[in-house]
Amino acid sequence: MQLGYAGWPIPSGGDVPDGPAQLAAIATVIDEHLVQHCADVADRDATYATAPARTLVIAANGQTWIKTSAANTWVSLWEPAPAWKPLPLASGMAPGGNTPQYKVVGKQVHMRGRVVKADDTVLVGDGQVLAPVPADARPQQLCAWAGGQSLTGDPVTAVCRIEAASSVVWFSQDGTGTTWVDITGSYWLD
């Protein structure tokens, strides 16, 4: 006899003498419908490598995955946002009040902060490297976004272009220079 959508085997009638085997069969069927637990990704991979597809696992920090195949292939359903990391600046550059930082969330990179010249002079000319892009944040192709910049002290009308590949690079149509550049923006890794 079977019960519910999962088809749980229930010992009855002639199956009763085979109770322990039937209870093991129930446990096997129920197991893939339960939420499993682990400490982290390494524990998940080690503990549930042979688990069937559709196994749902939650880590101690709440990160949640579902197994998509009999192979050890998982999809993240939820993960906590990582902490901001400091963005190392290029030689001659310095933080401009708002510390330059980045974080990678899934396949998206977020950057924030302002960059100034370390000698307090203005940034002039296109293509100035503000920072190297850390290895874990390098996109597969060139990415660009609009950033803010000072325009002789007036940030209201100032817009520049920020590009990221192996470096964060500043471009501006303003020929007089800028005292700071805001790198706040995001892009995809793939």
# chains A, B, ... in the order shown; residues from 1 in each chain; ligands from 1
$ select_by_dssp --residues "segment 29-147 of chain A" --states "alpha helix (DSSP H)" --output "JSON, numbers by chain"
{"A": [29, 30, 31, 41, 42, 43, 44, 45, 46, 47]}
$ select_by_dssp --residues "segment 58-161 of chain A" --states "strand (DSSP E)" --output "short mmCIF file (atom, residue, chain, number, x, y, z; two decimals) with N, CA and C atoms, in the first residue's frame"
data_model
loop_
_atom_site.label_atom_id
_atom_site.label_comp_id
_atom_site.auth_asym_id
_atom_site.auth_seq_id
_atom_site.Cartn_x
_atom_site.Cartn_y
_atom_site.Cartn_z
N ILE A 58 19.80 23.43 3.57
CA ILE A 58 19.97 24.76 4.15
C ILE A 58 21.21 24.74 5.04
N ALA A 59 22.09 25.73 4.83
CA ALA A 59 23.31 25.84 5.64
C ALA A 59 23.01 26.58 6.93
N THR A 64 20.55 28.56 0.95
CA THR A 64 19.66 27.46 0.57
C THR A 64 19.94 27.03 -0.86
N TRP A 65 20.04 25.72 -1.07
CA TRP A 65 20.29 25.15 -2.39
C TRP A 65 19.29 24.04 -2.67
N ILE A 66 19.11 23.78 -3.97
CA ILE A 66 18.37 22.58 -4.39
C ILE A 66 19.25 21.86 -5.40
N LYS A 67 19.29 20.55 -5.26
CA LYS A 67 20.09 19.72 -6.17
C LYS A 67 19.29 19.52 -7.45
N TRP A 74 24.16 21.90 -7.97
CA TRP A 74 23.26 22.62 -7.07
C TRP A 74 22.94 24.00 -7.63
N VAL A 75 21.75 24.49 -7.31
CA VAL A 75 21.35 25.86 -7.64
C VAL A 75 21.08 26.58 -6.34
N SER A 76 21.62 27.78 -6.20
CA SER A 76 21.36 28.59 -5.00
C SER A 76 19.98 29.20 -5.08
N LEU A 77 19.18 28.98 -4.05
CA LEU A 77 17.86 29.60 -3.97
C LEU A 77 17.92 30.89 -3.16
N TRP A 78 18.81 30.93 -2.17
CA TRP A 78 19.01 32.13 -1.36
C TRP A 78 20.38 32.07 -0.74
N LYS A 85 33.97 44.65 0.44
CA LYS A 85 35.43 44.50 0.54
C LYS A 85 36.08 45.79 0.06
N PRO A 86 37.24 46.13 0.60
CA PRO A 86 37.92 47.34 0.12
C PRO A 86 38.39 47.15 -1.33
N MET A 93 46.09 57.34 -6.54
CA MET A 93 44.68 57.57 -6.22
C MET A 93 44.46 57.35 -4.73
N ALA A 94 43.38 57.95 -4.20
CA ALA A 94 43.06 57.83 -2.77
C ALA A 94 41.55 57.83 -2.60
N PRO A 95 41.06 57.33 -1.45
CA PRO A 95 39.62 57.41 -1.17
C PRO A 95 39.19 58.88 -1.09
N GLN A 101 34.66 50.53 -2.36
CA GLN A 101 34.45 49.14 -1.97
C GLN A 101 33.74 48.40 -3.09
N TYR A 102 33.75 47.07 -2.99
CA TYR A 102 33.01 46.24 -3.94
C TYR A 102 32.51 45.00 -3.22
N LYS A 103 31.50 44.36 -3.81
CA LYS A 103 31.07 43.03 -3.37
C LYS A 103 30.47 42.31 -4.57
N VAL A 104 30.62 40.99 -4.53
CA VAL A 104 30.09 40.13 -5.58
C VAL A 104 28.90 39.38 -4.99
N VAL A 105 27.73 39.56 -5.61
CA VAL A 105 26.51 38.88 -5.18
C VAL A 105 26.08 38.01 -6.35
N GLN A 108 26.77 39.17 -10.02
CA GLN A 108 26.73 40.62 -10.18
C GLN A 108 27.72 41.27 -9.21
N VAL A 109 28.42 42.28 -9.73
CA VAL A 109 29.39 43.03 -8.93
C VAL A 109 28.81 44.41 -8.65
N HIS A 110 28.92 44.83 -7.40
CA HIS A 110 28.48 46.17 -6.98
C HIS A 110 29.71 46.93 -6.51
N MET A 111 29.84 48.18 -6.94
CA MET A 111 30.92 49.04 -6.48
C MET A 111 30.31 50.30 -5.89
N ARG A 112 31.04 50.91 -4.95
CA ARG A 112 30.60 52.18 -4.37
C ARG A 112 31.82 52.93 -3.86
N ARG A 114 34.05 56.97 -3.59
CA ARG A 114 34.64 58.05 -4.38
C ARG A 114 36.16 57.91 -4.42
N VAL A 115 36.73 58.36 -5.54
CA VAL A 115 38.17 58.31 -5.74
C VAL A 115 38.65 59.72 -6.06
N VAL A 116 39.76 60.10 -5.45
CA VAL A 116 40.41 61.39 -5.73
C VAL A 116 41.88 61.12 -6.03
N LYS A 117 42.56 62.12 -6.54
CA LYS A 117 44.01 61.99 -6.71
C LYS A 117 44.65 62.17 -5.35
N GLN A 128 41.76 57.48 -17.37
CA GLN A 128 42.58 57.38 -16.17
C GLN A 128 42.17 56.15 -15.36
N VAL A 129 43.15 55.34 -15.02
CA VAL A 129 42.89 54.14 -14.23
C VAL A 129 42.73 54.56 -12.78
N LEU A 130 41.56 54.21 -12.20
CA LEU A 130 41.27 54.53 -10.81
C LEU A 130 41.64 53.38 -9.88
N ALA A 131 41.44 52.15 -10.35
CA ALA A 131 41.68 50.99 -9.51
C ALA A 131 41.81 49.74 -10.37
N PRO A 132 42.62 48.78 -9.94
CA PRO A 132 42.58 47.47 -10.61
C PRO A 132 41.31 46.74 -10.16
N CYS A 143 32.56 46.27 -19.22
CA CYS A 143 31.29 46.79 -18.68
C CYS A 143 31.43 48.28 -18.47
N ALA A 144 30.34 49.02 -18.63
CA ALA A 144 30.38 50.47 -18.44
C ALA A 144 29.11 50.93 -17.74
N TRP A 145 29.20 52.02 -16.97
CA TRP A 145 28.05 52.62 -16.32
C TRP A 145 28.32 54.10 -16.10
N ALA A 146 27.25 54.86 -15.88
CA ALA A 146 27.39 56.29 -15.61
C ALA A 146 27.78 56.48 -14.16
N GLY A 147 28.74 57.33 -13.94
CA GLY A 147 29.17 57.65 -12.59
C GLY A 147 29.07 59.15 -12.37
N GLY A 148 29.15 59.56 -11.12
CA GLY A 148 29.12 60.99 -10.81
C GLY A 148 30.53 61.51 -10.67
N GLN A 149 30.70 62.79 -10.91
CA GLN A 149 31.98 63.44 -10.72
C GLN A 149 31.75 64.89 -10.38
N VAL A 159 28.42 64.06 -15.06
CA VAL A 159 28.28 62.63 -15.33
C VAL A 159 29.52 62.18 -16.06
N CYS A 160 30.01 61.03 -15.70
CA CYS A 160 31.16 60.47 -16.39
C CYS A 160 30.87 59.03 -16.73
N ARG A 161 31.76 58.41 -17.47
CA ARG A 161 31.61 56.99 -17.81
C ARG A 161 32.68 56.22 -17.06
#
$ closest_residue --among "A:Leu189, A:Leu56, A:Val181, A:Ala164" --to "Val124 of chain A" --atoms "only C-alpha atoms"
A:Val181
$ atom_distance --atom1 "atom CA of Pro82 of chain A" --atom2 "atom CA of Ser167 of chain A"
21.8 Å
$ residues_around --residues "Ala71 of chain A" --least-positions-apart "5" --cutoff "12 Å" --atoms "only C-alpha atoms" --output "PyMOL selection string"
chain A and resi 45+48-55
$ closest_residue --among "A:Asp43, A:Glu79, A:Asp119, A:Asp126" --to "Gly177 of chain A" --atoms "only C-alpha atoms"
A:Asp126
$ atom_distance --atom1 "atom CA of Ala137 of chain A" --atom2 "atom CA of Thr121 of chain A"
28.8 Å
$ decode --residues "segment 111-122 of chain A" --atoms "all heavy atoms" --output "short mmCIF file (atom, residue, chain, number, x, y, z; two decimals), in the first residue's frame"
data_model
loop_
_atom_site.label_atom_id
_atom_site.label_comp_id
_atom_site.auth_asym_id
_atom_site.auth_seq_id
_atom_site.Cartn_x
_atom_site.Cartn_y
_atom_site.Cartn_z
N MET A 111 29.84 48.18 -6.94
CA MET A 111 30.92 49.04 -6.48
C MET A 111 30.31 50.30 -5.89
O MET A 111 29.23 50.73 -6.30
CB MET A 111 31.87 49.41 -7.61
CG MET A 111 32.71 48.27 -8.08
SD MET A 111 34.03 48.82 -9.17
CE MET A 111 34.85 47.28 -9.45
N ARG A 112 31.04 50.91 -4.95
CA ARG A 112 30.60 52.18 -4.37
C ARG A 112 31.82 52.93 -3.86
O ARG A 112 32.87 52.34 -3.61
CB ARG A 112 29.59 51.96 -3.24
CG ARG A 112 30.17 51.32 -1.99
CD ARG A 112 29.10 51.14 -0.93
NE ARG A 112 29.67 50.56 0.29
CZ ARG A 112 28.95 50.21 1.33
NH1 ARG A 112 27.63 50.36 1.32
NH2 ARG A 112 29.52 49.70 2.39
N GLY A 113 31.65 54.23 -3.71
CA GLY A 113 32.72 55.04 -3.14
C GLY A 113 33.21 56.11 -4.10
O GLY A 113 32.82 56.16 -5.27
N ARG A 114 34.05 56.97 -3.59
CA ARG A 114 34.64 58.05 -4.38
C ARG A 114 36.16 57.91 -4.42
O ARG A 114 36.77 57.46 -3.46
CB ARG A 114 34.30 59.42 -3.79
CG ARG A 114 32.87 59.82 -4.04
CD ARG A 114 32.64 61.23 -3.57
NE ARG A 114 31.24 61.59 -3.78
CZ ARG A 114 30.71 62.71 -3.38
NH1 ARG A 114 31.44 63.62 -2.75
NH2 ARG A 114 29.44 62.96 -3.61
N VAL A 115 36.73 58.36 -5.54
CA VAL A 115 38.17 58.31 -5.74
C VAL A 115 38.65 59.72 -6.06
O VAL A 115 38.01 60.44 -6.82
CB VAL A 115 38.53 57.34 -6.89
CG1 VAL A 115 40.04 57.32 -7.13
CG2 VAL A 115 38.00 55.94 -6.62
N VAL A 116 39.76 60.10 -5.45
CA VAL A 116 40.41 61.39 -5.73
C VAL A 116 41.88 61.12 -6.03
O VAL A 116 42.38 60.02 -5.77
CB VAL A 116 40.30 62.37 -4.53
CG1 VAL A 116 38.85 62.67 -4.22
CG2 VAL A 116 41.02 61.82 -3.31
N LYS A 117 42.56 62.12 -6.54
CA LYS A 117 44.01 61.99 -6.71
C LYS A 117 44.65 62.17 -5.35
O LYS A 117 44.25 63.03 -4.57
CB LYS A 117 44.54 63.00 -7.72
CG LYS A 117 44.12 62.62 -9.15
CD LYS A 117 44.84 63.41 -10.19
CE LYS A 117 46.28 62.99 -10.28
NZ LYS A 117 47.01 63.68 -11.35
N ALA A 118 45.63 61.38 -5.05
CA ALA A 118 46.30 61.42 -3.75
C ALA A 118 46.98 62.76 -3.48
O ALA A 118 47.10 63.18 -2.34
CB ALA A 118 47.32 60.28 -3.65
N ASP A 119 47.38 63.47 -4.54
CA ASP A 119 48.06 64.76 -4.36
C ASP A 119 47.09 65.94 -4.37
O ASP A 119 47.51 67.09 -4.44
CB ASP A 119 49.15 64.95 -5.40
CG ASP A 119 48.62 64.98 -6.84
OD1 ASP A 119 47.37 64.97 -7.03
OD2 ASP A 119 49.44 65.00 -7.77
N ASP A 120 45.78 65.65 -4.31
CA ASP A 120 44.72 66.67 -4.27
C ASP A 120 44.63 67.54 -5.52
O ASP A 120 44.01 68.60 -5.49
CB ASP A 120 44.85 67.57 -3.02
CG ASP A 120 44.48 66.82 -1.76
OD1 ASP A 120 43.60 65.93 -1.83
OD2 ASP A 120 45.07 67.12 -0.70
N THR A 121 45.25 67.11 -6.62
CA THR A 121 45.06 67.83 -7.88
C THR A 121 43.85 67.24 -8.59
O THR A 121 43.28 66.24 -8.14
CB THR A 121 46.31 67.70 -8.78
OG1 THR A 121 46.55 66.31 -9.05
CG2 THR A 121 47.54 68.31 -8.10
N VAL A 122 43.43 67.85 -9.69
CA VAL A 122 42.24 67.35 -10.39
C VAL A 122 42.62 66.24 -11.36
O VAL A 122 43.73 66.18 -11.87
CB VAL A 122 41.50 68.49 -11.14
CG1 VAL A 122 40.95 69.50 -10.18
CG2 VAL A 122 42.40 69.14 -12.17
#
